[in-house]
$ cat coords30.csv   # CSV, N, CA and C atoms
chain,number,residue,atom,x,y,z
A,13,MET,N,-54.8,-69.4,93.0
A,13,MET,CA,-56.0,-70.0,93.5
A,13,MET,C,-56.0,-69.9,95.1
A,14,ALA,N,-54.8,-70.1,95.7
A,14,ALA,CA,-54.7,-69.9,97.1
A,14,ALA,C,-55.1,-68.6,97.6
A,15,ASP,N,-54.9,-67.5,96.7
A,15,ASP,CA,-55.2,-66.2,97.1
A,15,ASP,C,-56.8,-66.0,97.2
A,16,GLU,N,-57.5,-66.8,96.5
A,16,GLU,CA,-59.0,-66.8,96.5
A,16,GLU,C,-59.5,-67.3,97.9
A,17,ILE,N,-58.8,-68.1,98.6
A,17,ILE,CA,-59.2,-68.6,99.9
A,17,ILE,C,-59.3,-67.4,100.9
A,18,GLY,N,-58.4,-66.5,100.8
A,18,GLY,CA,-58.4,-65.4,101.7
A,18,GLY,C,-57.3,-65.5,102.8
A,19,LYS,N,-56.7,-66.7,103.0
A,19,LYS,CA,-55.7,-66.9,104.0
A,19,LYS,C,-54.8,-68.0,103.4
A,20,PRO,N,-53.6,-68.0,103.8
A,20,PRO,CA,-52.7,-69.1,103.3
A,20,PRO,C,-53.2,-70.5,103.7
A,21,PRO,N,-53.2,-71.4,102.8
A,21,PRO,CA,-53.7,-72.7,103.0
A,21,PRO,C,-52.7,-73.6,103.7
A,22,VAL,N,-53.1,-74.7,104.2
A,22,VAL,CA,-52.2,-75.8,104.7
A,22,VAL,C,-51.9,-76.6,103.4
A,23,LEU,N,-50.6,-76.8,103.1
A,23,LEU,CA,-50.2,-77.6,102.0
A,23,LEU,C,-49.9,-79.0,102.4
A,24,VAL,N,-50.3,-79.9,101.6
A,24,VAL,CA,-50.0,-81.3,101.8
A,24,VAL,C,-49.3,-81.8,100.6
A,25,GLY,N,-48.1,-82.3,100.8
A,25,GLY,CA,-47.3,-82.8,99.6
A,25,GLY,C,-46.7,-84.1,99.9
A,26,ALA,N,-46.8,-85.0,98.9
A,26,ALA,CA,-46.2,-86.3,99.0
A,26,ALA,C,-45.1,-86.4,97.9
A,27,SER,N,-44.0,-86.9,98.3
A,27,SER,CA,-42.9,-87.2,97.4
A,27,SER,C,-42.5,-85.9,96.6
A,28,LEU,N,-42.7,-85.9,95.3
A,28,LEU,CA,-42.3,-84.8,94.5
A,28,LEU,C,-43.2,-83.6,94.8
A,29,GLY,N,-44.5,-83.8,95.2
A,29,GLY,CA,-45.3,-82.7,95.6
A,29,GLY,C,-44.9,-82.1,96.9
A,30,GLY,N,-44.3,-82.9,97.8
A,30,GLY,CA,-43.8,-82.3,99.0
A,30,GLY,C,-42.5,-81.5,98.7
A,31,MET,N,-41.7,-82.0,97.8
A,31,MET,CA,-40.5,-81.3,97.4
A,31,MET,C,-40.9,-79.9,96.8
A,32,ALA,N,-41.9,-79.9,96.0
A,32,ALA,CA,-42.4,-78.7,95.3
A,32,ALA,C,-42.9,-77.7,96.4
A,33,ALA,N,-43.7,-78.3,97.4
A,33,ALA,CA,-44.2,-77.4,98.4
A,33,ALA,C,-43.1,-76.8,99.3
A,34,MET,N,-42.1,-77.6,99.6
A,34,MET,CA,-41.0,-77.0,100.4
A,34,MET,C,-40.2,-76.0,99.5
A,35,LEU,N,-40.1,-76.2,98.3
A,35,LEU,CA,-39.4,-75.2,97.4
A,35,LEU,C,-40.2,-73.9,97.3
A,36,ALA,N,-41.5,-74.1,97.2
A,36,ALA,CA,-42.4,-72.9,97.1
A,36,ALA,C,-42.3,-72.1,98.4
A,37,GLU,N,-42.4,-72.8,99.5
A,37,GLU,CA,-42.4,-72.2,100.8
A,37,GLU,C,-41.0,-71.5,101.1
A,38,GLY,N,-40.0,-72.2,100.7
A,38,GLY,CA,-38.6,-71.7,101.1
A,38,GLY,C,-38.1,-70.7,100.1
A,39,THR,N,-38.7,-70.5,99.0
A,39,THR,CA,-38.1,-69.5,98.0
A,39,THR,C,-39.0,-68.3,97.7
A,40,SER,N,-40.2,-68.4,98.3
A,40,SER,CA,-41.2,-67.3,98.0
A,40,SER,C,-40.8,-66.1,98.9
A,41,ASP,N,-41.1,-64.9,98.4
A,41,ASP,CA,-41.0,-63.7,99.1
A,41,ASP,C,-42.2,-63.3,100.0
A,42,ARG,N,-43.2,-64.2,99.9
A,42,ARG,CA,-44.4,-64.0,100.7
A,42,ARG,C,-44.8,-65.3,101.4
A,43,THR,N,-45.7,-65.2,102.3
A,43,THR,CA,-46.2,-66.4,103.0
A,43,THR,C,-47.0,-67.3,102.0
A,44,VAL,N,-46.6,-68.5,101.8
A,44,VAL,CA,-47.2,-69.4,100.9
A,44,VAL,C,-48.3,-70.2,101.6
A,45,SER,N,-48.0,-70.7,102.8
A,45,SER,CA,-48.9,-71.6,103.5
A,45,SER,C,-48.9,-71.3,105.0
A,46,SER,N,-50.0,-71.8,105.6
A,46,SER,CA,-50.1,-71.6,107.1
A,46,SER,C,-49.6,-72.9,107.8
A,47,GLY,N,-49.3,-73.9,107.0
A,47,GLY,CA,-48.8,-75.2,107.5
A,47,GLY,C,-48.3,-76.1,106.3
A,48,LEU,N,-47.5,-77.0,106.6
A,48,LEU,CA,-47.0,-77.9,105.6
A,48,LEU,C,-46.9,-79.3,106.1
A,49,VAL,N,-47.6,-80.2,105.4
A,49,VAL,CA,-47.6,-81.6,105.8
A,49,VAL,C,-46.9,-82.4,104.7
A,50,LEU,N,-45.8,-83.1,105.1
A,50,LEU,CA,-45.0,-83.8,104.1
A,50,LEU,C,-45.1,-85.3,104.3
A,51,VAL,N,-45.2,-86.0,103.2
A,51,VAL,CA,-45.4,-87.4,103.1
A,51,VAL,C,-44.3,-88.0,102.2
A,52,ASP,N,-43.5,-88.9,102.7
A,52,ASP,CA,-42.4,-89.6,101.9
A,52,ASP,C,-41.4,-88.6,101.5
A,53,ILE,N,-41.2,-87.5,102.2
A,53,ILE,CA,-40.1,-86.5,101.9
A,53,ILE,C,-39.8,-85.8,103.2
A,54,THR,N,-38.6,-85.3,103.3
A,54,THR,CA,-38.2,-84.6,104.5
A,54,THR,C,-37.2,-83.5,104.1
A,55,PRO,N,-37.2,-82.4,104.8
A,55,PRO,CA,-36.2,-81.3,104.5
A,55,PRO,C,-34.8,-81.7,104.9
A,56,ASN,N,-34.7,-82.7,105.8
A,56,ASN,CA,-33.3,-83.1,106.2
A,56,ASN,C,-33.3,-84.6,105.9
A,57,SER,N,-32.1,-85.1,105.5
A,57,SER,CA,-32.0,-86.5,105.1
A,57,SER,C,-31.0,-87.2,106.0
A,58,ASN,N,-31.1,-88.5,106.0
A,58,ASN,CA,-30.2,-89.4,106.8
A,58,ASN,C,-29.5,-90.2,105.8
A,59,PRO,N,-28.1,-90.0,105.6
A,59,PRO,CA,-27.4,-90.7,104.6
A,59,PRO,C,-27.5,-92.2,104.7
A,60,GLU,N,-27.5,-92.7,105.9
A,60,GLU,CA,-27.6,-94.2,106.0
A,60,GLU,C,-29.0,-94.7,105.5
A,61,GLY,N,-30.0,-93.9,105.8
A,61,GLY,CA,-31.3,-94.3,105.3
A,61,GLY,C,-31.4,-94.2,103.8
A,62,ILE,N,-30.8,-93.2,103.3
A,62,ILE,CA,-30.8,-93.0,101.8
A,62,ILE,C,-30.1,-94.2,101.2
A,63,GLU,N,-28.9,-94.6,101.7
A,63,GLU,CA,-28.2,-95.7,101.2
A,63,GLU,C,-29.0,-97.0,101.2
A,64,ARG,N,-29.7,-97.2,102.3
A,64,ARG,CA,-30.6,-98.4,102.5
A,64,ARG,C,-31.7,-98.4,101.4
A,65,ILE,N,-32.3,-97.2,101.2
A,65,ILE,CA,-33.3,-97.2,100.1
A,65,ILE,C,-32.7,-97.4,98.8
A,66,GLN,N,-31.6,-96.8,98.5
A,66,GLN,CA,-30.9,-97.0,97.2
A,66,GLN,C,-30.6,-98.5,97.0
A,67,ARG,N,-30.1,-99.2,98.0
A,67,ARG,CA,-29.7,-100.6,97.9
A,67,ARG,C,-31.0,-101.4,97.5
A,68,PHE,N,-32.1,-101.1,98.2
A,68,PHE,CA,-33.4,-101.8,98.0
A,68,PHE,C,-33.8,-101.5,96.5
A,69,MET,N,-33.8,-100.3,96.1
A,69,MET,CA,-34.2,-99.9,94.7
A,69,MET,C,-33.3,-100.7,93.7
A,70,ARG,N,-32.0,-100.7,93.9
A,70,ARG,CA,-31.1,-101.3,93.0
A,70,ARG,C,-31.3,-102.8,93.0
A,71,SER,N,-31.8,-103.4,94.1
A,71,SER,CA,-31.9,-104.9,94.1
A,71,SER,C,-32.9,-105.4,93.1
A,72,GLY,N,-33.8,-104.6,92.6
A,72,GLY,CA,-34.8,-105.0,91.6
A,72,GLY,C,-34.4,-104.6,90.2
A,73,LEU,N,-33.2,-104.2,89.9
A,73,LEU,CA,-32.9,-103.7,88.6
A,73,LEU,C,-33.1,-104.8,87.5
A,74,ASP,N,-32.8,-106.0,87.9
A,74,ASP,CA,-32.9,-107.2,86.9
A,74,ASP,C,-34.3,-107.8,87.0
A,75,GLY,N,-35.2,-107.2,87.7
A,75,GLY,CA,-36.5,-107.8,87.8
A,75,GLY,C,-36.5,-109.0,88.8
A,76,PHE,N,-37.7,-109.5,88.9
A,76,PHE,CA,-38.0,-110.7,89.8
A,76,PHE,C,-38.6,-111.8,89.0
A,77,ALA,N,-38.2,-113.0,89.2
A,77,ALA,CA,-38.7,-114.1,88.5
A,77,ALA,C,-40.2,-114.3,88.8
A,78,THR,N,-40.6,-114.1,90.0
A,78,THR,CA,-42.0,-114.3,90.4
A,78,THR,C,-42.4,-113.2,91.4
A,79,LEU,N,-43.7,-113.1,91.6
A,79,LEU,CA,-44.2,-112.1,92.5
A,79,LEU,C,-43.8,-112.5,93.9
A,80,GLU,N,-43.6,-113.8,94.2
A,80,GLU,CA,-43.1,-114.2,95.5
A,80,GLU,C,-41.7,-113.7,95.8
A,81,ASP,N,-40.9,-113.7,94.7
A,81,ASP,CA,-39.5,-113.1,94.9
A,81,ASP,C,-39.6,-111.7,95.2
A,82,ALA,N,-40.5,-110.9,94.5
A,82,ALA,CA,-40.6,-109.5,94.8
A,82,ALA,C,-41.1,-109.3,96.3
A,83,ALA,N,-42.0,-110.1,96.7
A,83,ALA,CA,-42.5,-110.1,98.1
A,83,ALA,C,-41.4,-110.3,99.1
A,84,ALA,N,-40.5,-111.3,98.7
A,84,ALA,CA,-39.4,-111.6,99.6
A,84,ALA,C,-38.5,-110.4,99.7
A,85,ALA,N,-38.2,-109.7,98.6
A,85,ALA,CA,-37.4,-108.5,98.6
A,85,ALA,C,-38.0,-107.4,99.5
A,86,ILE,N,-39.3,-107.2,99.3
A,86,ILE,CA,-40.0,-106.2,100.1
A,86,ILE,C,-39.9,-106.6,101.6
A,87,SER,N,-40.1,-107.9,101.9
A,87,SER,CA,-40.1,-108.4,103.3
A,87,SER,C,-38.8,-108.2,103.9
A,88,SER,N,-37.7,-108.4,103.2
A,88,SER,CA,-36.4,-108.2,103.8
A,88,SER,C,-36.1,-106.8,104.0
A,89,TYR,N,-36.7,-105.9,103.2
A,89,TYR,CA,-36.5,-104.5,103.4
A,89,TYR,C,-37.3,-104.0,104.6
A,90,THR,N,-38.5,-104.6,104.8
A,90,THR,CA,-39.4,-104.2,105.9
A,90,THR,C,-39.6,-105.4,106.9
A,91,PRO,N,-38.5,-105.8,107.6
A,91,PRO,CA,-38.6,-107.0,108.4
A,91,PRO,C,-39.6,-106.9,109.6
A,92,ASN,N,-40.0,-105.7,110.0
A,92,ASN,CA,-40.9,-105.5,111.1
A,92,ASN,C,-42.4,-105.7,110.7
A,93,ARG,N,-42.6,-105.9,109.4
A,93,ARG,CA,-44.0,-106.2,108.9
A,93,ARG,C,-44.1,-107.7,108.5
A,94,PRO,N,-45.3,-108.2,108.7
A,94,PRO,CA,-45.5,-109.6,108.3
A,94,PRO,C,-45.4,-109.7,106.8
A,95,LYS,N,-44.8,-110.8,106.3
A,95,LYS,CA,-44.6,-111.0,104.9
A,95,LYS,C,-46.0,-111.4,104.3
A,96,ARG,N,-46.4,-110.7,103.2
A,96,ARG,CA,-47.6,-111.1,102.5
A,96,ARG,C,-47.3,-111.1,101.0
A,97,VAL,N,-47.9,-112.0,100.4
A,97,VAL,CA,-47.8,-112.0,98.9
A,97,VAL,C,-49.3,-111.7,98.4
A,98,ASN,N,-49.5,-110.5,98.0
A,98,ASN,CA,-50.8,-110.0,97.6
A,98,ASN,C,-50.6,-109.7,96.1
A,99,PRO,N,-50.9,-110.6,95.2
A,99,PRO,CA,-50.7,-110.3,93.8
A,99,PRO,C,-51.3,-109.0,93.3
A,100,THR,N,-52.5,-108.7,93.8
A,100,THR,CA,-53.2,-107.5,93.4
A,100,THR,C,-52.4,-106.3,93.8
A,101,GLY,N,-51.9,-106.3,95.1
A,101,GLY,CA,-51.1,-105.2,95.6
A,101,GLY,C,-49.8,-105.0,94.9
A,102,LEU,N,-49.1,-106.2,94.7
A,102,LEU,CA,-47.8,-106.1,94.0
A,102,LEU,C,-47.9,-105.7,92.6
A,103,LYS,N,-49.0,-106.0,91.9
A,103,LYS,CA,-49.1,-105.6,90.5
A,103,LYS,C,-49.3,-104.1,90.4
A,104,LYS,N,-49.6,-103.4,91.5
A,104,LYS,CA,-49.7,-101.9,91.5
A,104,LYS,C,-48.3,-101.3,91.4
A,105,VAL,N,-47.3,-102.0,91.8
A,105,VAL,CA,-45.9,-101.5,91.8
A,105,VAL,C,-45.0,-102.2,90.9
A,106,LEU,N,-45.4,-103.3,90.3
A,106,LEU,CA,-44.6,-104.1,89.4
A,106,LEU,C,-45.3,-104.3,88.1
A,107,ARG,N,-44.5,-104.4,87.1
A,107,ARG,CA,-45.0,-104.7,85.7
A,107,ARG,C,-44.3,-105.9,85.1
A,108,GLU,N,-45.0,-106.8,84.5
A,108,GLU,CA,-44.4,-107.9,83.9
A,108,GLU,C,-43.9,-107.6,82.5
A,109,ARG,N,-42.7,-108.0,82.2
A,109,ARG,CA,-42.0,-107.7,80.9
A,109,ARG,C,-41.1,-108.9,80.7
A,110,ASP,N,-41.2,-109.5,79.6
A,110,ASP,CA,-40.3,-110.6,79.2
A,110,ASP,C,-40.3,-111.7,80.2
A,111,GLY,N,-41.4,-112.0,80.9
A,111,GLY,CA,-41.5,-113.1,81.9
A,111,GLY,C,-40.9,-112.7,83.2
A,112,ARG,N,-40.5,-111.5,83.5
A,112,ARG,CA,-40.0,-111.1,84.8
A,112,ARG,C,-40.8,-109.9,85.3
A,113,TRP,N,-40.7,-109.7,86.6
A,113,TRP,CA,-41.5,-108.6,87.2
A,113,TRP,C,-40.5,-107.5,87.5
A,114,TYR,N,-40.8,-106.2,87.1
A,114,TYR,CA,-40.0,-105.1,87.3
A,114,TYR,C,-40.8,-104.0,88.0
A,115,TRP,N,-40.1,-103.2,88.8
A,115,TRP,CA,-40.8,-102.0,89.5
A,115,TRP,C,-41.4,-101.2,88.4
A,116,HIS,N,-42.5,-100.6,88.7
A,116,HIS,CA,-43.2,-99.8,87.7
A,116,HIS,C,-42.5,-98.5,87.4
A,117,TRP,N,-41.5,-98.1,88.2
A,117,TRP,CA,-40.6,-97.0,87.9
A,117,TRP,C,-39.2,-97.6,87.5
A,118,ASP,N,-38.4,-96.9,86.9
A,118,ASP,CA,-37.1,-97.4,86.5
A,118,ASP,C,-36.0,-96.8,87.5
A,119,PRO,N,-35.5,-97.5,88.5
A,119,PRO,CA,-34.6,-97.0,89.4
A,119,PRO,C,-33.3,-96.4,88.8
A,120,ARG,N,-33.0,-96.8,87.6
A,120,ARG,CA,-31.8,-96.3,86.9
A,120,ARG,C,-32.0,-94.9,86.5
A,121,SER,N,-33.2,-94.4,86.3
A,121,SER,CA,-33.4,-93.1,85.8
A,121,SER,C,-33.9,-92.1,86.9
A,122,SER,N,-34.2,-92.7,88.1
A,122,SER,CA,-34.6,-91.8,89.2
A,122,SER,C,-33.5,-91.2,90.0
A,123,ALA,N,-33.7,-90.2,90.8
A,123,ALA,CA,-32.7,-89.7,91.6
A,123,ALA,C,-32.2,-90.7,92.6
A,124,ILE,N,-33.0,-91.6,93.0
A,124,ILE,CA,-32.6,-92.6,94.0
A,124,ILE,C,-31.7,-93.6,93.3
A,125,GLY,N,-32.1,-94.1,92.2
A,125,GLY,CA,-31.2,-95.1,91.5
A,125,GLY,C,-30.0,-94.5,90.9
A,126,ALA,N,-30.0,-93.3,90.5
A,126,ALA,CA,-28.8,-92.6,89.9
A,126,ALA,C,-27.9,-92.0,91.0
A,127,ARG,N,-28.3,-92.1,92.3
A,127,ARG,CA,-27.5,-91.6,93.4
A,127,ARG,C,-27.3,-90.1,93.3
A,128,ARG,N,-28.3,-89.4,92.9
A,128,ARG,CA,-28.3,-88.0,92.8
A,128,ARG,C,-29.1,-87.4,94.0
A,129,SER,N,-28.7,-86.2,94.3
A,129,SER,CA,-29.5,-85.5,95.4
A,129,SER,C,-30.4,-84.4,94.7
A,130,CYS,N,-31.6,-84.2,95.2
A,130,CYS,CA,-32.4,-83.2,94.5
A,130,CYS,C,-32.1,-81.9,95.0
A,131,ARG,N,-32.1,-80.9,94.1
A,131,ARG,CA,-31.9,-79.5,94.4
A,131,ARG,C,-32.8,-78.7,93.5
A,132,THR,N,-32.8,-77.5,93.6
A,132,THR,CA,-33.7,-76.7,92.7
A,132,THR,C,-33.5,-76.9,91.2
A,133,ASP,N,-32.2,-77.2,90.8
A,133,ASP,CA,-31.9,-77.3,89.4
A,133,ASP,C,-31.8,-78.8,89.0
A,134,CYS,N,-32.4,-79.7,89.8
A,134,CYS,CA,-32.3,-81.1,89.6
A,134,CYS,C,-33.1,-81.5,88.3
A,135,PRO,N,-32.4,-82.0,87.3
A,135,PRO,CA,-33.0,-82.4,86.0
A,135,PRO,C,-33.9,-83.7,86.2
A,136,ASP,N,-33.6,-84.5,87.2
A,136,ASP,CA,-34.3,-85.7,87.4
A,136,ASP,C,-35.7,-85.5,87.9
A,137,CYS,N,-36.0,-84.4,88.6
A,137,CYS,CA,-37.3,-84.3,89.2
A,137,CYS,C,-38.4,-84.3,88.1
A,138,SER,N,-38.1,-83.8,87.0
A,138,SER,CA,-39.2,-83.8,85.9
A,138,SER,C,-39.4,-85.2,85.3
A,139,THR,N,-38.5,-86.1,85.6
A,139,THR,CA,-38.7,-87.5,85.0
A,139,THR,C,-39.1,-88.5,86.1
A,140,TRP,N,-39.4,-88.1,87.3
A,140,TRP,CA,-39.8,-89.0,88.3
A,140,TRP,C,-41.2,-89.6,87.9
A,141,PRO,N,-41.4,-90.9,88.2
A,141,PRO,CA,-42.7,-91.5,87.9
A,141,PRO,C,-43.8,-90.9,88.8
$ encode --input "coords30.csv" --output "structure tokens"
Amino acid sequence: MADEIGKPPVLVGASLGGMAAMLAEGTSDRTVSSGLVLVDITPNSNPEGIERIQRFMRSGLDGFATLEDAAAAISSYTPNRPKRVNPTGLKKVLRERDGRWYWHWDPRSSAIGARRSCRTDCPDCSTWP
């Protein structure tokens, strides 16, 4: 499809899409794009930042009793932002199950929760939410 444009496109990739775009750009024997915009992904990582994210993700493994508890967890992770309890917004990332609120993804099965690093043969990439 990109060949139909007549010149390499600018790729925009978020999260797994960004990973796929970096993989395509880095492993192709031809020019894939004229630019690459990455969102929520980076070609270089910061081990301390990764550990901070992993701690946050693991903090919700047992779910939250209330949406307010989930908002408090998010607030402690992002102390530079004002704390808000927006039930509509929180319900986009949380699911109620057995009277508790859980992240809509399962941190135990993701590369973050399982403490794995992604690489080209990473089996977890196909199971990311």
$ residues_around --input "coords30.csv" --residues "segment 108-112 of chain A" --least-positions-apart "4" --cutoff "8 Å" --atoms "only N, CA and C atoms" --output "PyMOL selection string"
chain A and resi 74-79+103+116
$ atom_distance --input "coords30.csv" --atom1 "atom CA of Glu80 of chain A" --atom2 "atom C of Trp113 of chain A"
10.8 Å
$ atom_distance --input "coords30.csv" --atom1 "atom CA of Ala85 of chain A" --atom2 "atom CA of Arg107 of chain A"
15.4 Å
$ closest_residue --input "coords30.csv" --among "A:Val97, A:Ile53, A:Ala82, A:Leu106" --to "Leu28 of chain A" --atoms "all atoms listed in the file"
A:Ile53
$ atom_distance --input "coords30.csv" --atom1 "atom CA of Tyr114 of chain A" --atom2 "atom CA of Thr100 of chain A"
14.7 Å
$ select_by_dssp --input "coords30.csv" --residues "segment 13-129 of chain A" --states "alpha helix (DSSP H)" --output "ChimeraX atom specification"
/A:14-17,28-39,59-70,79-89,99-102
